[in-house]
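For reference, the structure discussed in these notes is given below.
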Amino acid sequence: MSALVRRWGPNLGIAVIVLYCLAPFYWMVVSSFRRSSDIFDLSALPSPWSLENYRAVFSGSNDFGRALVNSLVVAGVTTAATVVIATLAGFALARLDFRFKNAVLAVVIATSMFPGISLLVPLLKLFTDIGWINTYQSMIVPNLSFALPLAIWYLTMFFRQLPFELEEAARVDGCTPGQAFRKVILPLAVPGVFTTAIIVFVVAWNEFIIALTMVNEPAMQTVTVRISQFVGVAAHDSPFGTRMAAGVVATIPLVIAVLLFQRRIVAGLTSGGLK
Amino acid sequence: MLLTERTTPTRGPDRARRGRADRPGRKAALLLSPTFLVLALVVGYPLLAALRESLFRGGDELDESGFIVTGERFVGLDNYTAVFGEASARFWNAFANTTLFTVTTVAAEVVIGTAMAVVMHRAMRGRGLVRASILVPWAIPTAVAGLLWRWIFQADGVANSLLGTELLWTADGWPAKLAVIIADTWKTAPFVGLLVLAGLQLIPQDVHEAARLDGAGAWQQFWRVTLPLVKPALLVAVLFRLLDALRMFDLPFVLVGAQKGAVETLSMLAWDEANQVRYGPAAAYAVLLFLYVAVVAFVFVRLLGADLLGDRRARRAGARA
Amino acid sequence: MRKAAIAVLMASALAAVGCGSDTGSRTPGDADGRGPITFATLKDGTGTVPELVQRWNADHPDEKVTIVELPEGADGQRQKLVQQAQTKSDVYDVITIDIPWNAEFAARRWITELPREQFAVDGFFDAPLRGSEYRGKLYSIPHFTGSAMLYYREDLLDRAGVEPPSTWTELRAACAKVLALPAAEGMSCYAGQHDKYEGLTVNFLEAVGSAGGEVIDEQGNPHLDTPEAKAGLEFLVDGFRDGMIPAEAITYKEEEGRRAFQQGDLVFHRNWAYIYALANADDGSSEVAGKFGVTVIPGADGPGVSSLGGNNLAVSAFSTKQATARDFIAYLTSLDTQLEHAKGSAYPMTRTEVYTDPGLREQYPYLPVLKDGIEQARPRPSIVRYGDASTAIQESVYAALKGERTVDAALAEMQRALSEIAEGS
């Protein structure tokens, strides 16, 4: 009995975990392939399969392609800016000795606990005054408020693990501090920076409330906002099928990225929490 | 502030001897200035503006010709007294919901996450598959996850069909609360699981061996040996989840909707007030939420000693060396 | 705490910058401006509105109109409009508003006053036109209107030998007979919209109105301490308690109710005109196609009083091309356009003459019922704080429907809340 448990227990556990994680996602995929007339079916597979919802997602008025581009720009620029700024800060925090170092790190972490909702109205008023409404920067800049503390946290933890003795050695060998940093430390830091970039990208891609608040021009909306504002064929219609299809389209790039980089992401996520 | 200030002399002594203590400070200031500039703009400024806003009120008086008087007037702490006076029922309801969601989801996530981590740690095969699938709930945008669960929890949806129930999940009432808790747990328990797994993998195998030789059962091993060793990792994970859960907005907003008493959180309350063009009260709610989050974080760090900066371990390691 | 001090300094420096650039690119709006404009409206699944816009564009190459779709549901729609006003954005020129928002939007100066003579206002139904005024001035033009109709299963009523009901008592009696039929097994009697949203306010106002009461009078004063208000709320509360209204109807908005009716789960259903064509579709999506009829909603002692639904068109005060915006509204709400519009879409138009057009009467057999309903219908209260009033009503009514409050307690609570709102404005 207990041998049986020991042998099959973990496998069973694995199966349960996979089911737990994927079953709701599976339902989203299945529903997205149903026709709108049998969207309420409960069969495990759609019959017949239909691309109706996907056509609706990319049809003229929903303009989902444009939303994908917007999300890509917003998340991409957010990621790039975050990584550059956070690398500098993370390097300073992990590597330099200065007064108030822990206080600085504490302040950075403390900013990440500020509720996003309370940032919005003041920023909305500010951006109204400077004419930033319906621009990419009106989404990118507020995104930094949560992306930056997160990235600084991960990168500081990561840089702390790097063997800085190597840098010392390089300097002893006659490199300038700048050279030592470029030639020795930077290559070692790339994986950590890369991981941070993926995580920030995913989080920025998923952002909802800032994009909802700062933009009212449909052509500038990101995917998460676009999906929540899909309209059905009739005035009171909630187009669930179309939304599920759009949800799949919005998630698939992330799932592919996650599959490709899973080791890195896991390493990054866990090092942030641990070291 | 939140965390105690400690100076960590990582490689201090020789540096100080060379009398360059000053230069890293300047360099650090240079490297950190972009960060502080951005944070001052996107966090510092709005915080102060929200504090100011919470002392003003406007847009609620009509002039003689029936137009709303524009501009705002200073009302002191009126917005705050209103929160605990005329609007107190709604505020305390949102406060209770926020607290309930935070406590239940974080507790469920810790239990389920730890269980997942233990299973994954034991498993020989299928780790890659698990790792990939565990990241799926994490990667799905919360707004999309909200729609997905709303779809699952439709009155004639798949949840009722599988459970054989006829619950009205997205109406008001306890099923709506439960729906939010389930959806949030689904999305974040795997994440907690990953953090705990990483903690587990740091435990040297010989510790378990020693415990087993001492005659500890599987449960005792877990309770006496494993758990204390992953506690630091777990505490940090819990702190981050707490802060996140206290701000919950997207999920109940998309899953159930605005102005539903059963799931209205403090963030949703502040958003709704802003949407009704009552910025003063909205700002007051936001400030109160911020204080609540800060108090929870402070108490958590103080009581449980979550080692956020990792310097306690660093110092211990240093002492040992 | 030096860090905090520095942070404060930095932030106040930034705040100063923010205030300094106050005059930036915000748009003051231009009452006489002309040029290409946008039209923020609800999605029209029939494609008729886009066609009408095409026609306008062909005649006005320099003042082309682009349609911008607003999100589904009054809440999402309102959020977008409030947002554009907050940001003083000129992204929308012509906006579509829910009729009860007219007073608030006018009082906030988010929409502009409109000259009556440009819009041939005499041809409109009286109630929607009154709902478009604020303090005697016109601020928006009725585009669609609508009253509730009672959809009933003609086939089953015939089989049970009962007439369509015109009172609540008759409704219950009819149900008793119909539900006794073997063919009606598993069906429920009646449902409207009872989820906690604007639709619940509408259904409650309607119930009270149908009992002869009025929730908020023209001066904005609430009257919930009347026997009529009690009768109205009891109709809904008792309905849920004794199963006349099925329990799941507490989640019904328009679409959920329509689906239940189409699947043959309901004998009677209160809804708007738009579902007529959908429920009559013979592509297999509706099981009740050709099996139902419509009539005026029932009341306590005779036909009921519907709440007025519908959308209005208004000119955003932040638009820089308001002259074009007004012309476009005049075009879209003219009799010719409405006759054309009605051919392509089942939305109820706002001009009375549309309802007497013989061709249209043939196309939409329910037009006479609808006309009666609209003439009887009552606009929702025209008060500036309508949103708060509606929220207060939803709060109390919803609690009463779920049995968490007694009818009396719910009414007393509403009376108190609505009095406060009336005093505040």
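Every chain in the structure tokens has a letter given in the order shown (A, B, ...), and although residue numbers restart at 1 in each chain, ligands are simply numbered from 1 in the order shown.
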Taking 3 positions as the minimum chain separation for residues in the same chain, which residues sit within 6 Å of Ile95 in chain C when counting only C-alpha atoms? Answer as a list in words.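 The residues satisfying every condition are Ala40, Leu313 and Ala314 of chain C.
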Requested write-out: C-alpha atoms of the selected residues, as a short mmCIF file (atom, residue, chain, number, x, y, z; two decimals), in the first residue's frame:
```cif
data_model
loop_
_atom_site.label_atom_id
_atom_site.label_comp_id
_atom_site.auth_asym_id
_atom_site.auth_seq_id
_atom_site.Cartn_x
_atom_site.Cartn_y
_atom_site.Cartn_z
CA ALA C 40 -19.37 57.91 -29.94
CA LEU C 313 -27.48 62.36 -28.76
CA ALA C 314 -25.62 65.34 -27.38
#
```
Can you check which parts of chain B lie within 7 Å of chain A? Per residue, the shortest pair of atoms and distance in Å to one decimal, counting only C-alpha atoms, sorted by chain and number, as CSV.
```
residue,atom,partner,partner_atom,distance
B:Leu2,CA,A:Ala106,CA,6.8
B:Leu3,CA,A:Ala106,CA,6.0
B:Glu5,CA,A:Asn102,CA,5.8
B:Arg6,CA,A:Asn102,CA,6.4
B:Thr7,CA,A:Asn102,CA,6.8
B:Pro24,CA,A:Leu96,CA,5.8
B:Gly25,CA,A:Phe98,CA,4.7
B:Ala28,CA,A:Ala92,CA,5.2
B:Leu31,CA,A:Leu88,CA,5.2
B:Leu32,CA,A:Ala89,CA,4.9
B:Pro34,CA,A:Ile85,CA,6.2
B:Thr35,CA,A:Ile85,CA,6.1
B:Leu39,CA,A:Ser145,CA,6.4
B:Val42,CA,A:Ser145,CA,5.7
B:Val43,CA,A:Ser145,CA,6.3
B:Pro46,CA,A:Leu119,CA,5.1
B:Leu47,CA,A:Leu119,CA,6.6
B:Ala49,CA,A:Pro122,CA,5.9
B:Ala50,CA,A:Pro122,CA,6.4
B:Met116,CA,A:Ile17,CA,6.8
B:Val119,CA,A:Pro10,CA,5.7
B:Met120,CA,A:Ile14,CA,7.0
B:Arg122,CA,A:Pro10,CA,6.4
B:Ala123,CA,A:Pro10,CA,5.2
B:Val130,CA,A:Val18,CA,6.0
B:Ala132,CA,A:Leu259,CA,5.8
B:Ser133,CA,A:Val18,CA,6.0
B:Ile134,CA,A:Cys21,CA,5.9
B:Leu135,CA,A:Val258,CA,6.8
B:Val136,CA,A:Val255,CA,6.3
B:Pro137,CA,A:Cys21,CA,6.2
B:Ala139,CA,A:Leu254,CA,6.2
B:Ile140,CA,A:Thr251,CA,5.7
B:Pro141,CA,A:Asn206,CA,4.4
B:Thr142,CA,A:Asn206,CA,6.6
B:Ala143,CA,A:Thr224,CA,6.3
B:Val144,CA,A:Gly247,CA,5.7
B:Leu148,CA,A:Met28,CA,6.4
B:Val158,CA,A:Leu42,CA,6.3
B:Leu194,CA,A:Thr270,CA,6.8
B:Leu195,CA,A:Thr270,CA,5.1
B:Ala198,CA,A:Thr270,CA,6.0
B:Ala233,CA,A:Leu274,CA,5.3
B:Val236,CA,A:Gly273,CA,6.1
B:Ala237,CA,A:Gly273,CA,6.3
B:Leu243,CA,A:Met113,CA,6.0
B:Arg247,CA,A:Pro115,CA,5.8
B:Ser267,CA,A:Ile117,CA,6.0
B:Trp271,CA,A:Ile117,CA,6.7
B:Ala283,CA,A:Ser118,CA,6.6
B:Ala286,CA,A:Ser118,CA,5.0
B:Phe290,CA,A:Phe114,CA,6.2
B:Gly310,CA,A:Lys275,CA,6.2
```
For the residues in the current selection, export C-alpha atoms as an mmCIF file, in the first residue's frame.
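The resulting result19.cif:
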```cif
data_model
loop_
_atom_site.group_PDB
_atom_site.id
_atom_site.type_symbol
_atom_site.label_atom_id
_atom_site.label_comp_id
_atom_site.auth_asym_id
_atom_site.auth_seq_id
_atom_site.Cartn_x
_atom_site.Cartn_y
_atom_site.Cartn_z
ATOM 1 C CA LEU B 2 9.053 49.913 7.089
ATOM 2 C CA LEU B 3 12.360 48.225 7.448
ATOM 3 C CA GLU B 5 18.043 50.476 8.834
ATOM 4 C CA ARG B 6 21.127 48.429 9.104
ATOM 5 C CA THR B 7 24.404 49.049 7.461
ATOM 6 C CA PRO B 24 30.786 55.157 -3.754
ATOM 7 C CA GLY B 25 28.231 57.430 -2.177
ATOM 8 C CA ALA B 28 25.481 55.510 -5.988
ATOM 9 C CA LEU B 31 23.188 55.536 -10.451
ATOM 10 C CA LEU B 32 20.100 55.857 -8.283
ATOM 11 C CA PRO B 34 16.965 58.014 -12.480
ATOM 12 C CA THR B 35 15.122 55.654 -10.158
ATOM 13 C CA LEU B 39 9.496 57.167 -8.472
ATOM 14 C CA VAL B 42 4.840 58.340 -10.546
ATOM 15 C CA VAL B 43 4.569 57.604 -6.830
ATOM 16 C CA PRO B 46 0.500 61.307 -6.816
ATOM 17 C CA LEU B 47 0.768 60.409 -3.135
ATOM 18 C CA ALA B 49 -1.594 65.097 -4.629
ATOM 19 C CA ALA B 50 -3.946 62.429 -3.261
ATOM 20 C CA MET B 116 2.305 21.699 -4.828
ATOM 21 C CA VAL B 119 4.781 17.171 -4.752
ATOM 22 C CA MET B 120 7.048 18.796 -7.309
ATOM 23 C CA ARG B 122 9.350 14.577 -4.793
ATOM 24 C CA ALA B 123 8.453 14.062 -8.407
ATOM 25 C CA VAL B 130 4.555 21.043 -14.320
ATOM 26 C CA ALA B 132 5.326 25.133 -17.759
ATOM 27 C CA SER B 133 1.729 24.573 -16.755
ATOM 28 C CA ILE B 134 2.197 26.291 -13.416
ATOM 29 C CA LEU B 135 3.267 29.442 -15.214
ATOM 30 C CA VAL B 136 0.096 29.563 -17.309
ATOM 31 C CA PRO B 137 -2.207 30.925 -14.582
ATOM 32 C CA ALA B 139 0.902 34.615 -17.248
ATOM 33 C CA ILE B 140 -2.793 35.087 -18.052
ATOM 34 C CA PRO B 141 -3.756 38.746 -17.680
ATOM 35 C CA THR B 142 -5.880 39.220 -14.577
ATOM 36 C CA ALA B 143 -8.557 40.964 -16.612
ATOM 37 C CA VAL B 144 -8.741 37.981 -18.962
ATOM 38 C CA LEU B 148 -12.666 33.444 -18.004
ATOM 39 C CA VAL B 158 -19.711 24.756 -16.635
ATOM 40 C CA LEU B 194 7.278 27.989 -7.125
ATOM 41 C CA LEU B 195 8.722 30.137 -4.373
ATOM 42 C CA ALA B 198 12.929 26.978 -4.570
ATOM 43 C CA ALA B 233 11.122 31.993 1.668
ATOM 44 C CA VAL B 236 8.638 36.847 1.879
ATOM 45 C CA ALA B 237 6.184 35.243 -0.530
ATOM 46 C CA LEU B 243 0.329 43.541 -0.281
ATOM 47 C CA ARG B 247 -5.085 46.115 -3.462
ATOM 48 C CA SER B 267 -9.700 49.789 -4.343
ATOM 49 C CA TRP B 271 -12.428 53.816 -8.170
ATOM 50 C CA ALA B 283 -8.740 60.267 -2.484
ATOM 51 C CA ALA B 286 -7.193 55.746 -1.335
ATOM 52 C CA PHE B 290 -2.575 53.054 1.766
ATOM 53 C CA GLY B 310 18.227 39.235 3.122
#
```
Please list as an MDAnalysis selection string every residue within 12 Å of Ala258 in chain B, counting only C-alpha atoms and excluding residues in the same chain fewer than 6 positions away. (chainID B and resid 94 170:172 249:252 264:273 275) or (chainID C and resid 73:76 79 196:198 391)
Save the residues we just selected, N, CA and C atoms, as a PDB file, in the first residue's frame?
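Result went into selection-v5.pdb, see below:
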```
ATOM      1  N   ALA B  94     -16.503  47.346   2.534  1.00  0.00           N
ATOM      2  CA  ALA B  94     -15.365  47.191   1.628  1.00  0.00           C
ATOM      3  C   ALA B  94     -14.124  46.773   2.411  1.00  0.00           C
ATOM      4  N   THR B 170     -22.304  34.886  -9.936  1.00  0.00           N
ATOM      5  CA  THR B 170     -21.941  36.271 -10.228  1.00  0.00           C
ATOM      6  C   THR B 170     -22.983  37.261  -9.718  1.00  0.00           C
ATOM      7  N   ALA B 171     -24.006  36.763  -9.009  1.00  0.00           N
ATOM      8  CA  ALA B 171     -24.904  37.688  -8.335  1.00  0.00           C
ATOM      9  C   ALA B 171     -24.187  38.160  -7.073  1.00  0.00           C
ATOM     10  N   ASP B 172     -24.877  38.908  -6.266  1.00  0.00           N
ATOM     11  CA  ASP B 172     -24.285  39.299  -4.996  1.00  0.00           C
ATOM     12  C   ASP B 172     -24.326  38.101  -4.048  1.00  0.00           C
ATOM     13  N   PHE B 249      -8.294  44.550  -7.351  1.00  0.00           N
ATOM     14  CA  PHE B 249      -9.248  45.361  -8.104  1.00  0.00           C
ATOM     15  C   PHE B 249      -9.767  44.633  -9.349  1.00  0.00           C
ATOM     16  N   ASP B 250      -8.874  44.318 -10.287  1.00  0.00           N
ATOM     17  CA  ASP B 250      -9.280  43.779 -11.599  1.00  0.00           C
ATOM     18  C   ASP B 250     -10.222  42.598 -11.476  1.00  0.00           C
ATOM     19  N   LEU B 251      -9.858  41.664 -10.610  1.00  0.00           N
ATOM     20  CA  LEU B 251     -10.557  40.382 -10.609  1.00  0.00           C
ATOM     21  C   LEU B 251     -12.021  40.515 -10.197  1.00  0.00           C
ATOM     22  N   PRO B 252     -12.322  41.063  -9.009  1.00  0.00           N
ATOM     23  CA  PRO B 252     -13.746  41.238  -8.680  1.00  0.00           C
ATOM     24  C   PRO B 252     -14.445  42.203  -9.622  1.00  0.00           C
ATOM     25  N   GLU B 264     -17.112  44.210  -3.164  1.00  0.00           N
ATOM     26  CA  GLU B 264     -16.488  45.522  -3.322  1.00  0.00           C
ATOM     27  C   GLU B 264     -15.297  45.654  -2.378  1.00  0.00           C
ATOM     28  N   THR B 265     -14.119  45.854  -2.953  1.00  0.00           N
ATOM     29  CA  THR B 265     -12.918  46.042  -2.136  1.00  0.00           C
ATOM     30  C   THR B 265     -12.647  47.544  -2.000  1.00  0.00           C
ATOM     31  N   LEU B 266     -11.677  47.878  -1.170  1.00  0.00           N
ATOM     32  CA  LEU B 266     -11.373  49.295  -0.970  1.00  0.00           C
ATOM     33  C   LEU B 266     -10.913  49.962  -2.262  1.00  0.00           C
ATOM     34  N   SER B 267     -10.135  49.226  -3.063  1.00  0.00           N
ATOM     35  CA  SER B 267      -9.700  49.789  -4.343  1.00  0.00           C
ATOM     36  C   SER B 267     -10.897  50.079  -5.233  1.00  0.00           C
ATOM     37  N   MET B 268     -11.860  49.139  -5.266  1.00  0.00           N
ATOM     38  CA  MET B 268     -13.034  49.333  -6.117  1.00  0.00           C
ATOM     39  C   MET B 268     -13.867  50.508  -5.619  1.00  0.00           C
ATOM     40  N   LEU B 269     -13.941  50.646  -4.303  1.00  0.00           N
ATOM     41  CA  LEU B 269     -14.705  51.748  -3.720  1.00  0.00           C
ATOM     42  C   LEU B 269     -14.096  53.085  -4.144  1.00  0.00           C
ATOM     43  N   ALA B 270     -12.776  53.182  -4.038  1.00  0.00           N
ATOM     44  CA  ALA B 270     -12.112  54.427  -4.431  1.00  0.00           C
ATOM     45  C   ALA B 270     -12.332  54.692  -5.916  1.00  0.00           C
ATOM     46  N   TRP B 271     -12.236  53.659  -6.726  1.00  0.00           N
ATOM     47  CA  TRP B 271     -12.428  53.816  -8.170  1.00  0.00           C
ATOM     48  C   TRP B 271     -13.848  54.277  -8.477  1.00  0.00           C
ATOM     49  N   ASP B 272     -14.800  53.694  -7.801  1.00  0.00           N
ATOM     50  CA  ASP B 272     -16.198  54.026  -8.054  1.00  0.00           C
ATOM     51  C   ASP B 272     -16.493  55.474  -7.684  1.00  0.00           C
ATOM     52  N   GLU B 273     -15.945  55.916  -6.568  1.00  0.00           N
ATOM     53  CA  GLU B 273     -16.143  57.316  -6.169  1.00  0.00           C
ATOM     54  C   GLU B 273     -15.534  58.244  -7.215  1.00  0.00           C
ATOM     55  N   ASN B 275     -15.190  57.623 -10.299  1.00  0.00           N
ATOM     56  CA  ASN B 275     -16.029  57.534 -11.485  1.00  0.00           C
ATOM     57  C   ASN B 275     -17.323  58.333 -11.318  1.00  0.00           C
TER      58      ASN B 275
ATOM     59  N   GLY C  73     -23.048  48.071 -22.043  1.00  0.00           N
ATOM     60  CA  GLY C  73     -23.488  48.291 -20.667  1.00  0.00           C
ATOM     61  C   GLY C  73     -23.369  49.738 -20.257  1.00  0.00           C
ATOM     62  N   ALA C  74     -24.380  50.214 -19.526  1.00  0.00           N
ATOM     63  CA  ALA C  74     -24.426  51.633 -19.167  1.00  0.00           C
ATOM     64  C   ALA C  74     -23.219  52.034 -18.315  1.00  0.00           C
ATOM     65  N   ASP C  75     -22.732  51.132 -17.460  1.00  0.00           N
ATOM     66  CA  ASP C  75     -21.624  51.494 -16.577  1.00  0.00           C
ATOM     67  C   ASP C  75     -20.354  51.784 -17.366  1.00  0.00           C
ATOM     68  N   GLY C  76     -20.032  50.886 -18.292  1.00  0.00           N
ATOM     69  CA  GLY C  76     -18.832  51.065 -19.088  1.00  0.00           C
ATOM     70  C   GLY C  76     -18.938  52.294 -19.964  1.00  0.00           C
ATOM     71  N   GLN C  79     -18.491  55.349 -17.842  1.00  0.00           N
ATOM     72  CA  GLN C  79     -17.094  55.513 -17.442  1.00  0.00           C
ATOM     73  C   GLN C  79     -16.302  56.217 -18.553  1.00  0.00           C
ATOM     74  N   LYS C 196     -28.338  43.483 -10.017  1.00  0.00           N
ATOM     75  CA  LYS C 196     -28.149  44.780  -9.370  1.00  0.00           C
ATOM     76  C   LYS C 196     -27.436  45.721 -10.327  1.00  0.00           C
ATOM     77  N   TYR C 197     -28.174  46.405 -11.156  1.00  0.00           N
ATOM     78  CA  TYR C 197     -27.624  47.370 -12.104  1.00  0.00           C
ATOM     79  C   TYR C 197     -28.770  48.283 -12.500  1.00  0.00           C
ATOM     80  N   GLU C 198     -28.531  49.155 -13.450  1.00  0.00           N
ATOM     81  CA  GLU C 198     -29.537  50.132 -13.849  1.00  0.00           C
ATOM     82  C   GLU C 198     -30.892  49.485 -14.178  1.00  0.00           C
ATOM     83  N   THR C 391     -28.321  54.154  -7.577  1.00  0.00           N
ATOM     84  CA  THR C 391     -27.565  53.228  -6.733  1.00  0.00           C
ATOM     85  C   THR C 391     -28.322  52.944  -5.439  1.00  0.00           C
TER      86      THR C 391
END
```
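Assigned to strand (DSSP E or B) in range 43-264 of chain B, given DSSP computed from backbone atoms, are Phe56, Arg57, Gly58, Leu62, Ile68, Glu72, Arg73 and Phe74 of chain B.
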Could you dump the residues just selected with C-alpha atoms as a PDB file, in the first residue's frame?
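What follows is the written file selection32.pdb:
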```
ATOM      1  CA  PHE B  56     -11.018  69.090  -0.773  1.00  0.00           C
ATOM      2  CA  ARG B  57     -14.449  68.537  -2.164  1.00  0.00           C
ATOM      3  CA  GLY B  58     -16.193  69.846  -5.242  1.00  0.00           C
ATOM      4  CA  LEU B  62     -25.605  73.866  -7.895  1.00  0.00           C
ATOM      5  CA  ILE B  68     -22.659  72.630 -10.887  1.00  0.00           C
ATOM      6  CA  GLU B  72     -13.024  72.694  -5.260  1.00  0.00           C
ATOM      7  CA  ARG B  73     -13.256  73.994  -1.757  1.00  0.00           C
ATOM      8  CA  PHE B  74     -11.163  73.092   1.245  1.00  0.00           C
TER       9      PHE B  74
END
```
I'd like the interatomic distance between CA of Ala44 in chain A and CA of Val30 in chain A, to a tenth of an Å. 7.5 Å
Give the answer as one residue: which of C:Ala207, C:Val53, C:Ala273, C:Val215 has the shortest atom-to-atom distance to chain A, using only C-alpha atoms?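 The shortest atom-to-atom distance to chain A comes from C:Ala273.
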Which distance in Å separates CA of Gly302 in chain C and CA of Val397 in chain C, to one decimal?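 So the two atoms, CA of Gly302 in chain C and CA of Val397 in chain C, lie 23.5 Å apart.
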At a cut-off of 8 Å, using only C-alpha atoms, what residues contact Ala342 in chain C? Leave out same-chain residues fewer than 6 positions from it and give the result as number ranges by chain. C: 348-349, 354, 360
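Using only C-alpha atoms, the smallest distance between any of C:Gly284, C:Pro128, C:Pro142, C:Pro381 and chain A comes from C:Gly284.
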Distance filter 9 Å, only C-alpha atoms, chain B against chain C, as JSON, numbers by chain: {"B": [1, 36, 37, 39, 40, 41, 43, 44, 45, 46, 48, 49, 59, 60, 61, 62, 65, 66, 67, 68, 69, 70, 155, 166, 167, 168, 169, 170, 171, 172, 258, 259, 260, 261, 275, 276, 277]}
Work out how far apart CA of Ile421 in chain C and CA of Asp217 in chain C are and give it in Å to one decimal.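 Calculated distance between CA of Ile421 in chain C and CA of Asp217 in chain C is 13.3 Å.
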Glu63 in chain C: which residues within 10 Å, counting only C-alpha atoms, same-chain residues fewer than 6 positions away excluded, as a ChimeraX atom specification? /C:34-38,56-57,321,324-325,327-328
